[in-house]
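Remarks on the structure that follows.
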Amino acid sequence: MGFGIDMAKAREIHKTNIREARDPKLKELDIEYQRADEANDTSKKSEIAAKKQALRDAPADSGIAAASDVAALKSQWRTDILGTSPYN
């Protein structure tokens, strides 16, 4: 009899990794937003706001809760918004 993976704990670790990856990205977007605000560029502000919301929503992605194993959980890393996966 072997030991299994505690998927609840693995999900929490995955969410922590997401939060750590998104923090510097949110800070960069805050600066971009301020610049767009100063330039009164409403379309750029909307684009930045959508990116920030996607980063905020990343830890609550339904795919994380649905992941049945570690491989499925790792595949939930959104490289399009979070960058390179820490699992590679």
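Chain labels run A, B, ... following the order of the structure tokens; each chain numbers its residues from 1, and ligands are numbered from 1 in the order shown.
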Taking 6 positions as the minimum chain separation for residues in the same chain, which residues sit within 9 Å of Arg19 of chain A when counting only C-alpha atoms? Answer as a PyMOL selection string. chain A and resi 55-56+58-59
Env of segment 76-83 of chain A: 7 Å cut, atoms = only C-alpha atoms, seq-sep filter 3 positions within chain, self excluded. Answer as a list in words.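 Near segment 76-83 of chain A, the qualifying residues are Ala21, Arg22, Leu55, Gly63, Ile64, Ala72 and Leu73 of chain A.
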Skip Lys45 of chain A itself and residues of its chain fewer than 6 positions away, then list as a list in words all residues within 8 Å of it, counting only C-alpha atoms.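 Everything that qualifies: Tyr33, Ala36 and Asp37 of chain A.
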Go ahead and write the residues just picked, all heavy atoms, as an mmCIF file, in the first residue's frame.
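To be explicit, this is the file written out as part35.cif:
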data_model
loop_
_atom_site.group_PDB
_atom_site.id
_atom_site.type_symbol
_atom_site.label_atom_id
_atom_site.label_comp_id
_atom_site.auth_asym_id
_atom_site.auth_seq_id
_atom_site.Cartn_x
_atom_site.Cartn_y
_atom_site.Cartn_z
ATOM 1 N N TYR A 33 -2.126 51.178 -15.787
ATOM 2 C CA TYR A 33 -3.450 51.783 -15.624
ATOM 3 C C TYR A 33 -3.327 53.259 -15.252
ATOM 4 O O TYR A 33 -4.049 54.111 -15.782
ATOM 5 C CB TYR A 33 -4.259 51.031 -14.562
ATOM 6 C CG TYR A 33 -5.691 51.476 -14.487
ATOM 7 C CD1 TYR A 33 -6.656 50.867 -15.280
ATOM 8 C CD2 TYR A 33 -6.087 52.505 -13.638
ATOM 9 C CE1 TYR A 33 -7.982 51.270 -15.234
ATOM 10 C CE2 TYR A 33 -7.405 52.924 -13.591
ATOM 11 C CZ TYR A 33 -8.352 52.300 -14.395
ATOM 12 O OH TYR A 33 -9.656 52.717 -14.353
ATOM 13 N N ALA A 36 -2.439 55.177 -18.321
ATOM 14 C CA ALA A 36 -3.604 55.302 -19.201
ATOM 15 C C ALA A 36 -4.598 56.308 -18.626
ATOM 16 O O ALA A 36 -5.226 57.069 -19.373
ATOM 17 C CB ALA A 36 -4.268 53.942 -19.393
ATOM 18 N N ASP A 37 -4.723 56.332 -17.320
ATOM 19 C CA ASP A 37 -5.616 57.282 -16.662
ATOM 20 C C ASP A 37 -5.123 58.713 -16.877
ATOM 21 O O ASP A 37 -5.908 59.606 -17.193
ATOM 22 C CB ASP A 37 -5.709 56.960 -15.169
ATOM 23 C CG ASP A 37 -6.822 57.709 -14.469
ATOM 24 O OD1 ASP A 37 -7.892 57.881 -15.090
ATOM 25 O OD2 ASP A 37 -6.620 58.110 -13.314
#
Polymer residues at most 12 Å from Ile13 of chain A, only C-alpha atoms, same-chain spacing of 3 or more positions, as number ranges by chain: A: 6-10, 16-20, 59, 64, 70, 73-74, 86-87
Those same residues, written as a CSV table (one decimal), in the first residue's frame with N, CA, C and O atoms?
chain,number,residue,atom,x,y,z
A,6,ASP,N,-2.5,14.1,-1.7
A,6,ASP,CA,-3.6,14.9,-1.0
A,6,ASP,C,-4.0,16.0,-2.0
A,6,ASP,O,-3.3,17.0,-2.1
A,7,MET,N,-5.0,15.7,-2.8
A,7,MET,CA,-5.4,16.7,-3.8
A,7,MET,C,-5.9,18.0,-3.3
A,7,MET,O,-5.7,19.1,-3.9
A,8,ALA,N,-6.5,18.0,-2.1
A,8,ALA,CA,-6.9,19.3,-1.5
A,8,ALA,C,-5.7,20.1,-1.2
A,8,ALA,O,-5.7,21.3,-1.5
A,9,LYS,N,-4.7,19.5,-0.6
A,9,LYS,CA,-3.4,20.3,-0.4
A,9,LYS,C,-2.8,20.7,-1.7
A,9,LYS,O,-2.3,21.8,-1.8
A,10,ALA,N,-2.8,19.8,-2.7
A,10,ALA,CA,-2.2,20.1,-4.0
A,10,ALA,C,-2.9,21.3,-4.6
A,10,ALA,O,-2.2,22.2,-5.2
A,16,THR,N,-1.6,29.0,-4.4
A,16,THR,CA,-0.6,29.8,-3.8
A,16,THR,C,0.5,30.2,-4.9
A,16,THR,O,0.9,31.3,-5.0
A,17,ASN,N,0.8,29.2,-5.7
A,17,ASN,CA,1.7,29.5,-6.9
A,17,ASN,C,1.1,30.5,-7.8
A,17,ASN,O,1.8,31.4,-8.3
A,18,ILE,N,-0.2,30.4,-8.1
A,18,ILE,CA,-0.8,31.4,-8.9
A,18,ILE,C,-0.8,32.8,-8.3
A,18,ILE,O,-0.4,33.7,-9.0
A,19,ARG,N,-1.1,32.9,-7.0
A,19,ARG,CA,-1.0,34.2,-6.4
A,19,ARG,C,0.4,34.8,-6.4
A,19,ARG,O,0.5,36.0,-6.6
A,20,GLU,N,1.4,34.0,-6.2
A,20,GLU,CA,2.8,34.5,-6.2
A,20,GLU,C,3.1,34.9,-7.6
A,20,GLU,O,3.9,35.9,-7.8
A,59,PRO,N,-7.1,32.1,-9.3
A,59,PRO,CA,-7.1,31.1,-8.3
A,59,PRO,C,-8.4,30.4,-8.1
A,59,PRO,O,-8.5,29.3,-7.5
A,64,ILE,N,-9.5,24.1,-11.5
A,64,ILE,CA,-8.6,23.7,-10.4
A,64,ILE,C,-9.4,22.7,-9.4
A,64,ILE,O,-8.9,21.7,-9.0
A,70,VAL,N,-2.7,15.2,-10.2
A,70,VAL,CA,-1.7,16.2,-10.3
A,70,VAL,C,-1.5,16.7,-11.7
A,70,VAL,O,-1.4,17.9,-11.9
A,73,LEU,N,-4.2,19.0,-12.6
A,73,LEU,CA,-4.0,20.3,-11.9
A,73,LEU,C,-2.9,21.2,-12.5
A,73,LEU,O,-3.2,22.4,-12.7
A,74,LYS,N,-1.8,20.6,-12.8
A,74,LYS,CA,-0.7,21.3,-13.5
A,74,LYS,C,-1.2,21.9,-14.8
A,74,LYS,O,-0.7,23.0,-15.2
A,86,PRO,N,5.5,27.1,-13.2
A,86,PRO,CA,6.6,26.7,-12.3
A,86,PRO,C,6.8,25.2,-12.3
A,86,PRO,O,7.7,24.7,-11.7
A,87,TYR,N,6.0,24.4,-13.0
A,87,TYR,CA,6.0,23.0,-13.0
A,87,TYR,C,6.9,22.4,-14.1
A,87,TYR,O,7.0,21.2,-14.2
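Between atom CA of Ile31 of chain A and atom CA of Ser46 of chain A there is a distance of 14.0 Å.
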For a quick check of understanding, using only C-alpha atoms, which of A:Gln53, A:Ala60, A:His14, A:Ile48 has the smallest distance to Ser85 of chain A?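 For Ser85 of chain A, the nearest of the candidates is A:His14.
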Find the spatial neighbours of Asp30 of chain A, counting only C-alpha atoms, within a cut-off of 10 Å - ignore same-chain residues fewer than 4 positions away - and output them as a JSON list (two decimals) with all heavy atoms, in the first residue's frame.
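Final output, part.json:
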[["chain", "number", "residue", "atom", "x", "y", "z"],
["A", 24, "PRO", "N", 3.39, 40.31, -9.09],
["A", 24, "PRO", "CA", 4.17, 41.30, -9.83],
["A", 24, "PRO", "C", 3.45, 41.76, -11.11],
["A", 24, "PRO", "O", 3.59, 42.91, -11.52],
["A", 24, "PRO", "CB", 5.48, 40.59, -10.16],
["A", 24, "PRO", "CG", 5.23, 39.14, -9.95],
["A", 24, "PRO", "CD", 4.09, 39.03, -8.99],
["A", 25, "LYS", "N", 2.65, 40.89, -11.71],
["A", 25, "LYS", "CA", 1.92, 41.26, -12.91],
["A", 25, "LYS", "C", 0.84, 42.29, -12.59],
["A", 25, "LYS", "O", 0.62, 43.24, -13.35],
["A", 25, "LYS", "CB", 1.31, 40.03, -13.56],
["A", 25, "LYS", "CG", 2.39, 39.08, -14.08],
["A", 25, "LYS", "CD", 1.82, 37.87, -14.72],
["A", 25, "LYS", "CE", 2.86, 36.89, -15.16],
["A", 25, "LYS", "NZ", 4.05, 37.40, -15.76],
["A", 26, "LEU", "N", 0.18, 42.14, -11.44],
["A", 26, "LEU", "CA", -0.81, 43.12, -11.03],
["A", 26, "LEU", "C", -0.16, 44.47, -10.76],
["A", 26, "LEU", "O", -0.72, 45.52, -11.12],
["A", 26, "LEU", "CB", -1.56, 42.63, -9.78],
["A", 26, "LEU", "CG", -2.61, 41.56, -10.01],
["A", 26, "LEU", "CD1", -3.09, 40.98, -8.69],
["A", 26, "LEU", "CD2", -3.79, 42.12, -10.80],
["A", 34, "GLN", "N", -2.41, 53.57, -14.35],
["A", 34, "GLN", "CA", -2.22, 54.97, -13.96],
["A", 34, "GLN", "C", -1.78, 55.81, -15.16],
["A", 34, "GLN", "O", -2.26, 56.93, -15.32],
["A", 34, "GLN", "CB", -1.17, 55.07, -12.84],
["A", 34, "GLN", "CG", -1.68, 54.56, -11.52],
["A", 34, "GLN", "CD", -0.59, 54.52, -10.45],
["A", 34, "GLN", "OE1", 0.58, 54.56, -10.75],
["A", 34, "GLN", "NE2", -1.01, 54.45, -9.20],
["A", 35, "ARG", "N", -0.90, 55.27, -15.98],
["A", 35, "ARG", "CA", -0.47, 56.00, -17.17],
["A", 35, "ARG", "C", -1.63, 56.20, -18.14],
["A", 35, "ARG", "O", -1.78, 57.28, -18.72],
["A", 35, "ARG", "CB", 0.68, 55.25, -17.85],
["A", 35, "ARG", "CG", 1.96, 55.32, -17.05],
["A", 35, "ARG", "CD", 3.10, 54.64, -17.76],
["A", 35, "ARG", "NE", 4.31, 54.72, -16.95],
["A", 35, "ARG", "CZ", 5.25, 53.81, -16.88],
["A", 35, "ARG", "NH1", 5.14, 52.72, -17.62],
["A", 35, "ARG", "NH2", 6.30, 53.97, -16.12],
["A", 36, "ALA", "N", -2.44, 55.18, -18.32],
["A", 36, "ALA", "CA", -3.60, 55.30, -19.20],
["A", 36, "ALA", "C", -4.60, 56.31, -18.63],
["A", 36, "ALA", "O", -5.23, 57.07, -19.37],
["A", 36, "ALA", "CB", -4.27, 53.94, -19.39],
["A", 48, "ILE", "N", -6.75, 47.01, -19.63],
["A", 48, "ILE", "CA", -5.94, 46.71, -18.44],
["A", 48, "ILE", "C", -6.83, 46.15, -17.32],
["A", 48, "ILE", "O", -6.46, 45.19, -16.65],
["A", 48, "ILE", "CB", -5.17, 47.96, -17.98],
["A", 48, "ILE", "CG1", -4.12, 48.34, -19.03],
["A", 48, "ILE", "CG2", -4.51, 47.73, -16.63],
["A", 48, "ILE", "CD1", -3.53, 49.73, -18.84],
["A", 49, "ALA", "N", -7.99, 46.75, -17.15],
["A", 49, "ALA", "CA", -8.91, 46.29, -16.10],
["A", 49, "ALA", "C", -9.32, 44.84, -16.35],
["A", 49, "ALA", "O", -9.42, 44.04, -15.40],
["A", 49, "ALA", "CB", -10.14, 47.18, -16.05],
["A", 52, "LYS", "N", -6.41, 42.62, -15.33],
["A", 52, "LYS", "CA", -6.31, 42.54, -13.87],
["A", 52, "LYS", "C", -7.38, 41.61, -13.31],
["A", 52, "LYS", "O", -7.11, 40.82, -12.40],
["A", 52, "LYS", "CB", -6.41, 43.94, -13.26],
["A", 52, "LYS", "CG", -5.18, 44.79, -13.51],
["A", 52, "LYS", "CD", -5.34, 46.21, -13.05],
["A", 52, "LYS", "CE", -5.46, 46.31, -11.56],
["A", 52, "LYS", "NZ", -5.45, 47.69, -11.06]]
How many Å lie between atom CA of Lys51 of chain A and atom CA of Glu32 of chain A, rounded to one decimal? 11.2 Å
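Distances from A:Asn88, A:Lys44, A:Ala65, A:Asp57 to Leu29 of chain A were compared using only C-alpha atoms, and the smallest one belongs to A:Lys44.
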Every residue of chain A that DSSP places in alpha helix (DSSP H), as number ranges by chain: A: 7-38, 42-57, 62-66, 70-74, 79-82
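Straight-line separation from atom CA of Ala67 of chain A to atom CA of Ala54 of chain A: 19.6 Å.
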